[in-house]
Amino acid sequence: MMRYFLRRLAHAFLLIFGVSILAFLFTTLAPGNYFDEMRLNPQIAPETVAALRAQYQLDRPLPERYASWVNSLIHGEMGFSFAYNSPVAPLLLARARNTLLLTVTATVLAWGIALPLGVWSAERLGRFPDRMITWGTAALLVIPDLALALGLLVLAVRTGWFPTGGMASVDFENFSFLHKLQDLGLHTVLPILALVLSALPLLVRHVRAAVAEVLGAPFLLAAQGHGISGRTLLYRYALPAAANPLISLLGFSIGALLSGSLLIEVVMSWPGLGPFLLEAILARDLYVVIGGVLFSTIFLVAGNFLADVLLYWADPRIRTESGSR
Amino acid sequence: MRIQRNVARWLVVLGVLHAIVACAGFFAPYDPAEQDRKSPYLPPMRLHVVDGQGQFHARPFVYAFRLREGTFDQYEEDAGQSYPLTFFVSGAGYRLLGFLPCRLHLFGAEDSRVYLLGTDGYGRDQWSRLLFGGQVSLLAGLLGAGITLSLGLSMGAAAGYYGGWRDDLLMRVAELFLALPWLYLLFGVRAFLPLAVRPLAAFFLIVAVIGAAGWARPARLVRAVVLSAKERDFVRAARGFGATDAYVLRRHILPEAGSVLLTQAAILVPQYVLAEMTLSFLGLGVPEPVASWGNLLSSLQQYSVLVSYWWMYLPALAMVPFFLGYLGLASSLQERGPAYKIERRGLGSLT
Amino acid sequence: MQLLIKAENLVKRYARRNRGGAQEELRALDGVSFEVFAGTTLAVVGESGSGKSTLALCLACLEEATSGSIWFGGKDICKIAEKERREIRPQIQLIFQDPANSLNPRWEAIGILTEPLILQGRISREEMKERAYSLLERVGLSAEIAERLPGELSGGQRQRLAIARALALEPKVLVLDEALSALDCSVQAQIANVLLELQSALGMTCVFITHDLGMAAHLADEIVVMGGGRIVEQGRVEEVLREPREQITRRLVAAVPRLARAPMAPIGR
């Protein structure tokens, strides 16, 4: 069992390593860099620009830059941001925390709604409640994320019920603790709503499909024949069998915790990883971009890894196949 | 090829929608770049058939707008000036389907301009921009999907059919591609380019990157299909008649992949259109003055626009009938196919 | 009688990982030798996993044996190059167990029938169609079947179609790999009759692989009993069935339903 773990872990690390190289390649090979803007400015002497570039090692060959980047990674810094004049890691972490506040809540909510809804729908397959759910999810699916986010924003503006973006009101500092909590909560409502609404339809459909497939299976019929029914049938016989595709889906959800909310954060001015990276990209802040890409990849790979581990634990078939290796 | 009835129905719907956009010049009354500086941010004009006196007119008409007293950007209808619509008018020149010079437009108004969806800050007709913008966005989606599927097909078929080291290598590379957060890299590649990139170059670049990024998932699906088709007895039987590898691939295996690819296309095209919209919205896609559904929305990033000019939001919904069509197509294609493949739409799919 | 096929010491090994984790070698065929004479039917019987299907594939040139020889038409077909093999294959045709699998479900019957003709590319389109219709007739299918998809046909009709297709190139040998096993009992009897008719009308040489001894007795002259990749018993079918010597054979004989063990119908000649 450990061997399976270790293999998957090693695999994950290799993947992250590979991605880091690719990201490095992509971003450094692309023409243009942070100091191009400066170069265009006639007030800054070319020697200054050159000196700055040398200071940030932009002149060195690629492998050397990669090596020193990895070195800074080990020291917990992940390179240096030109725009903020500070190591990248703390910047990313602060922003990531804000993003996770949104995405974790939204993911938990979405799954919390999708699972019961999907199961309920699958139990009544083909009948009116199920058809309603199918139509409802279809209606949500055809609205693009962008339209959803913008639409919610327009709603906020017109009704004034919710703040129109940002994470905190202007005099946040002066609020009492409770008031701060309430203020934060209000600011999170729209982004979380947007995230949940965009994730929900597919989740519901997948849960429904997975459970429906199991509900039609002969082994379940056999169990019913033995007199097992109702809750027991559902929770101890049907759902575990439907778990596989759902666990993979969960892996995806976890993997997207950092990267899936980029658009919504930008639209709603939420100070998360998304807008930060966008800004860095536009400013060509090299190491911030690479760090951000790497961060998201780590989550993606971690999500898959978690799904693999969960599958291993949940599905005995995988255990016997590989445990005996 | 026998097409099921449901599939055919959705194809017709999509065909009509795409045809309308393709003939944007005809359905749009004005040139999308034409500015009317005297009428910035006009709200949509309503079509009336009954006038102030209660009389019914067979031809719909619109009222002119006049500024409301005391405001500088609030308009109201001026019941005194009505302009009937005319149909099949001759107006600004355009090229039908890109090459036929034409001047015919479906509708217009005499002596006045009719703004079905209002105007933007430069006084440009939003309806016209919507239609022409659709050409750009839809084309991006279709081309991108074409690239992805061609790549996916060739890689997946090669991996599945020949197996061995080719297969292993391909699967490793595919895994790498699937793990990359492509959205960020996409942004990065686009943004790191010289600032002054011509719209056409920007367009093709985005299409190329979006298309090339997503080959991994279709490739895996094609590979699975090829692997299972390879073992089918009718392939063995064909070998028994003296078939070569090429024949078997062409006549037996690839048609199996065809249905997978079609389903993938129905899923990918809207995803890619959305990706283009997002990029353009954020300023990283097709630049002004060329219209695309994305950059039509970018003005909404300003708070003032969001508050006062609600009709600027409408292009966001332009995609909805197309999404519906593609969703319907994908559903009807999957009816007899394998159960749901895990797909993530929108931006997530690129990560 | 003319010797058509001579198999000598056929061995087929697969490498696989078993549950214990080690690399294990699976010997599907472990030194198999037999002879097939022109115009006769050889039955190859055995339980599941005894290597019968592997033998079928090797005979039809669709799999390569690890070692050993199969002599056919003066050549050892195990050792010749792929190009030559492609020319030999039409002469030994394989009929598979499950026609749902061996017929492309997207193709109409006429396309399925003409595929071998197109591949060999020697006659004109009209001739091909004529040949296809006469093949349908030969296996007892009506001409209107030509437009149908396999999914629209019954199991028996599908298998007849598969047989018709196999006959298209006028092969010297027909190898039937459990060709009746997937069919209902009564349908089995019908198809068996089709085969018998082919044997008598065309003087077809057949290798009939099955686990059903009753069928084997009904259709074959000689019999070969396989177990664990080896031949455990062989001889004329009446003799082997009357006095089975090996355990395996006895088990197979015992498995035949009593009704069929009453006077065996002689092989219709």
# chains A, B, ... in the order shown; residues from 1 in each chain; ligands from 1
>>> interface_residues(of="chain B", to="chain C", cutoff="7 Å", atoms="only C-alpha atoms", output="PyMOL selection string")
chain B and resi 232-234+237+240-243
>>> write_last_selection(atoms="N, CA and C atoms", output="short mmCIF file (atom, residue, chain, number, x, y, z; two decimals), in the first residue's frame")
data_model
loop_
_atom_site.label_atom_id
_atom_site.label_comp_id
_atom_site.auth_asym_id
_atom_site.auth_seq_id
_atom_site.Cartn_x
_atom_site.Cartn_y
_atom_site.Cartn_z
N ARG B 232 -11.42 -5.43 -31.68
CA ARG B 232 -12.68 -5.98 -32.16
C ARG B 232 -12.45 -7.01 -33.24
N ASP B 233 -13.31 -7.99 -33.25
CA ASP B 233 -13.12 -9.08 -34.20
C ASP B 233 -13.27 -8.63 -35.65
N PHE B 234 -14.07 -7.59 -35.88
CA PHE B 234 -14.21 -7.22 -37.29
C PHE B 234 -12.92 -6.61 -37.84
N ALA B 237 -11.05 -9.69 -38.63
CA ALA B 237 -11.60 -10.27 -39.85
C ALA B 237 -11.06 -9.53 -41.08
N GLY B 240 -7.89 -10.60 -41.87
CA GLY B 240 -7.97 -11.90 -42.51
C GLY B 240 -8.24 -11.81 -44.00
N PHE B 241 -8.79 -10.69 -44.44
CA PHE B 241 -9.02 -10.53 -45.87
C PHE B 241 -7.84 -9.86 -46.53
N GLY B 242 -6.79 -9.62 -45.79
CA GLY B 242 -5.62 -9.03 -46.40
C GLY B 242 -5.53 -7.52 -46.22
N ALA B 243 -6.24 -6.97 -45.22
CA ALA B 243 -6.19 -5.53 -45.05
C ALA B 243 -4.86 -5.09 -44.46
#
>>> select_by_dssp(residues="segment 72-280 of chain A", states="helix (DSSP H, G or I)", output="number ranges by chain")
A: 72-74, 88-123, 128-141, 145-159, 172-174, 177-215, 218-225, 230-255, 262-267, 273-280
>>> select_by_dssp(residues="segment 70-232 of chain C", states="strand (DSSP E or B)", output="list of chain:residue names")
C:Ile70, C:Trp71, C:Phe72, C:Lys75, C:Asp76, C:Ile92, C:Gln93, C:Leu94, C:Ile95, C:Val173, C:Leu174, C:Val175, C:Leu176, C:Asp177, C:Thr205, C:Cys206, C:Val207, C:Phe208, C:Ile209, C:Thr210, C:Glu222, C:Ile223, C:Val224, C:Val225, C:Met226, C:Gly227, C:Arg230, C:Ile231, C:Val232
>>> write_last_selection(atoms="N, CA and C atoms", output="short mmCIF file (atom, residue, chain, number, x, y, z; two decimals), in the first residue's frame")
data_model
loop_
_atom_site.label_atom_id
_atom_site.label_comp_id
_atom_site.auth_asym_id
_atom_site.auth_seq_id
_atom_site.Cartn_x
_atom_site.Cartn_y
_atom_site.Cartn_z
N ILE C 70 3.53 -24.30 -38.97
CA ILE C 70 2.26 -24.69 -39.59
C ILE C 70 2.53 -24.75 -41.08
N TRP C 71 2.44 -25.96 -41.63
CA TRP C 71 2.71 -26.11 -43.06
C TRP C 71 1.41 -26.03 -43.82
N PHE C 72 1.39 -25.10 -44.77
CA PHE C 72 0.20 -24.92 -45.59
C PHE C 72 0.64 -24.49 -46.98
N LYS C 75 4.36 -24.02 -47.56
CA LYS C 75 5.20 -23.07 -46.82
C LYS C 75 4.89 -23.19 -45.33
N ASP C 76 5.83 -22.77 -44.55
CA ASP C 76 5.60 -22.68 -43.12
C ASP C 76 5.08 -21.29 -42.83
N ILE C 92 -7.23 -19.00 -45.59
CA ILE C 92 -7.70 -19.63 -44.37
C ILE C 92 -8.57 -18.61 -43.65
N GLN C 93 -9.87 -18.82 -43.70
CA GLN C 93 -10.78 -17.83 -43.14
C GLN C 93 -11.28 -18.22 -41.76
N LEU C 94 -11.39 -17.22 -40.89
CA LEU C 94 -11.79 -17.44 -39.52
C LEU C 94 -13.21 -16.93 -39.30
N ILE C 95 -14.03 -17.75 -38.66
CA ILE C 95 -15.35 -17.28 -38.28
C ILE C 95 -15.38 -17.19 -36.76
N VAL C 173 -9.68 -23.27 -46.37
CA VAL C 173 -9.99 -23.78 -45.04
C VAL C 173 -10.87 -22.79 -44.30
N LEU C 174 -11.85 -23.32 -43.59
CA LEU C 174 -12.65 -22.48 -42.71
C LEU C 174 -12.32 -22.86 -41.27
N VAL C 175 -11.95 -21.87 -40.48
CA VAL C 175 -11.73 -22.15 -39.07
C VAL C 175 -12.88 -21.52 -38.31
N LEU C 176 -13.59 -22.33 -37.55
CA LEU C 176 -14.73 -21.79 -36.81
C LEU C 176 -14.41 -21.80 -35.32
N ASP C 177 -14.21 -20.61 -34.77
CA ASP C 177 -13.83 -20.51 -33.37
C ASP C 177 -15.07 -20.35 -32.51
N THR C 205 -12.96 -27.78 -46.29
CA THR C 205 -12.17 -28.27 -45.17
C THR C 205 -12.42 -27.34 -43.99
N CYS C 206 -12.77 -27.92 -42.85
CA CYS C 206 -13.08 -27.08 -41.69
C CYS C 206 -12.29 -27.48 -40.47
N VAL C 207 -11.96 -26.51 -39.67
CA VAL C 207 -11.44 -26.78 -38.35
C VAL C 207 -12.48 -26.20 -37.40
N PHE C 208 -13.10 -27.07 -36.65
CA PHE C 208 -14.23 -26.65 -35.84
C PHE C 208 -13.84 -26.67 -34.38
N ILE C 209 -13.71 -25.49 -33.81
CA ILE C 209 -13.25 -25.39 -32.44
C ILE C 209 -14.45 -25.20 -31.54
N THR C 210 -14.55 -26.00 -30.50
CA THR C 210 -15.74 -25.91 -29.67
C THR C 210 -15.49 -26.56 -28.32
N GLU C 222 -12.55 -36.03 -37.70
CA GLU C 222 -11.48 -36.28 -36.77
C GLU C 222 -11.65 -35.36 -35.59
N ILE C 223 -11.07 -35.74 -34.48
CA ILE C 223 -11.20 -34.87 -33.30
C ILE C 223 -9.87 -34.80 -32.59
N VAL C 224 -9.63 -33.67 -31.98
CA VAL C 224 -8.42 -33.45 -31.21
C VAL C 224 -8.88 -32.84 -29.89
N VAL C 225 -8.45 -33.43 -28.77
CA VAL C 225 -8.87 -32.90 -27.48
C VAL C 225 -7.71 -32.14 -26.84
N MET C 226 -7.97 -30.91 -26.45
CA MET C 226 -6.91 -30.09 -25.87
C MET C 226 -7.13 -29.85 -24.39
N GLY C 227 -6.02 -29.74 -23.69
CA GLY C 227 -6.08 -29.41 -22.27
C GLY C 227 -4.77 -28.76 -21.89
N ARG C 230 -2.04 -28.38 -24.53
CA ARG C 230 -1.49 -29.55 -25.21
C ARG C 230 -2.64 -30.40 -25.76
N ILE C 231 -2.26 -31.27 -26.69
CA ILE C 231 -3.24 -32.22 -27.19
C ILE C 231 -3.17 -33.45 -26.31
N VAL C 232 -4.31 -33.82 -25.73
CA VAL C 232 -4.29 -34.98 -24.84
C VAL C 232 -4.81 -36.24 -25.50
#
>>> closest_residue(among="B:Glu231, B:Leu296, B:Trp182, B:Arg59", to="chain A", atoms="only C-alpha atoms")
B:Trp182
>>> atom_distance(atom1="atom CA of Arg7 of chain A", atom2="atom CA of Val173 of chain B")
18.0 Å
>>> residues_around(residues="segment 78-94 of chain A", least_positions_apart="3", cutoff="7 Å", atoms="only C-alpha atoms", output="PyMOL selection string")
chain A and resi 69+72-73+97-98+273+285+287-288+291-292
>>> residues_around(residues="segment 224-226 of chain B", least_positions_apart="5", cutoff="8 Å", atoms="only C-alpha atoms", output="compact mmCIF listing (two decimals) with C-alpha atoms, in the first residue's frame")
# COMPACT_ATOMS: atom_id res chain seq x y z
CA GLY B 156 -4.51 9.66 -29.86
CA ALA B 157 -4.81 7.40 -32.89
CA GLY B 160 -3.64 3.80 -29.37
CA TYR B 161 -2.89 1.96 -32.54
CA ILE B 253 -11.13 2.43 -36.33
CA LEU B 254 -11.30 6.09 -37.13
CA GLU B 256 -15.45 4.90 -34.21
CA ALA B 257 -13.38 7.85 -33.13
>>> closest_residue(among="B:Arg251, B:Arg172, B:Arg46, B:Arg223", to="chain A", atoms="only C-alpha atoms")
B:Arg172
>>> closest_residue(among="A:Gly230, A:Pro129, A:Gly303, A:Gly272", to="Ile247 of chain A", atoms="only C-alpha atoms")
A:Gly303
>>> closest_residue(among="A:Leu190, A:Leu202, A:Leu6, A:Ile290", to="Ile21 of chain A", atoms="only C-alpha atoms")
A:Ile290
>>> closest_residue(among="A:Asp183, A:Glu265, A:Glu173, A:Asp145", to="chain B", atoms="only C-alpha atoms")
A:Asp145
>>> closest_residue(among="B:Met155, B:Leu274, B:Ala8, B:Val260", to="chain A", atoms="only C-alpha atoms")
B:Leu274
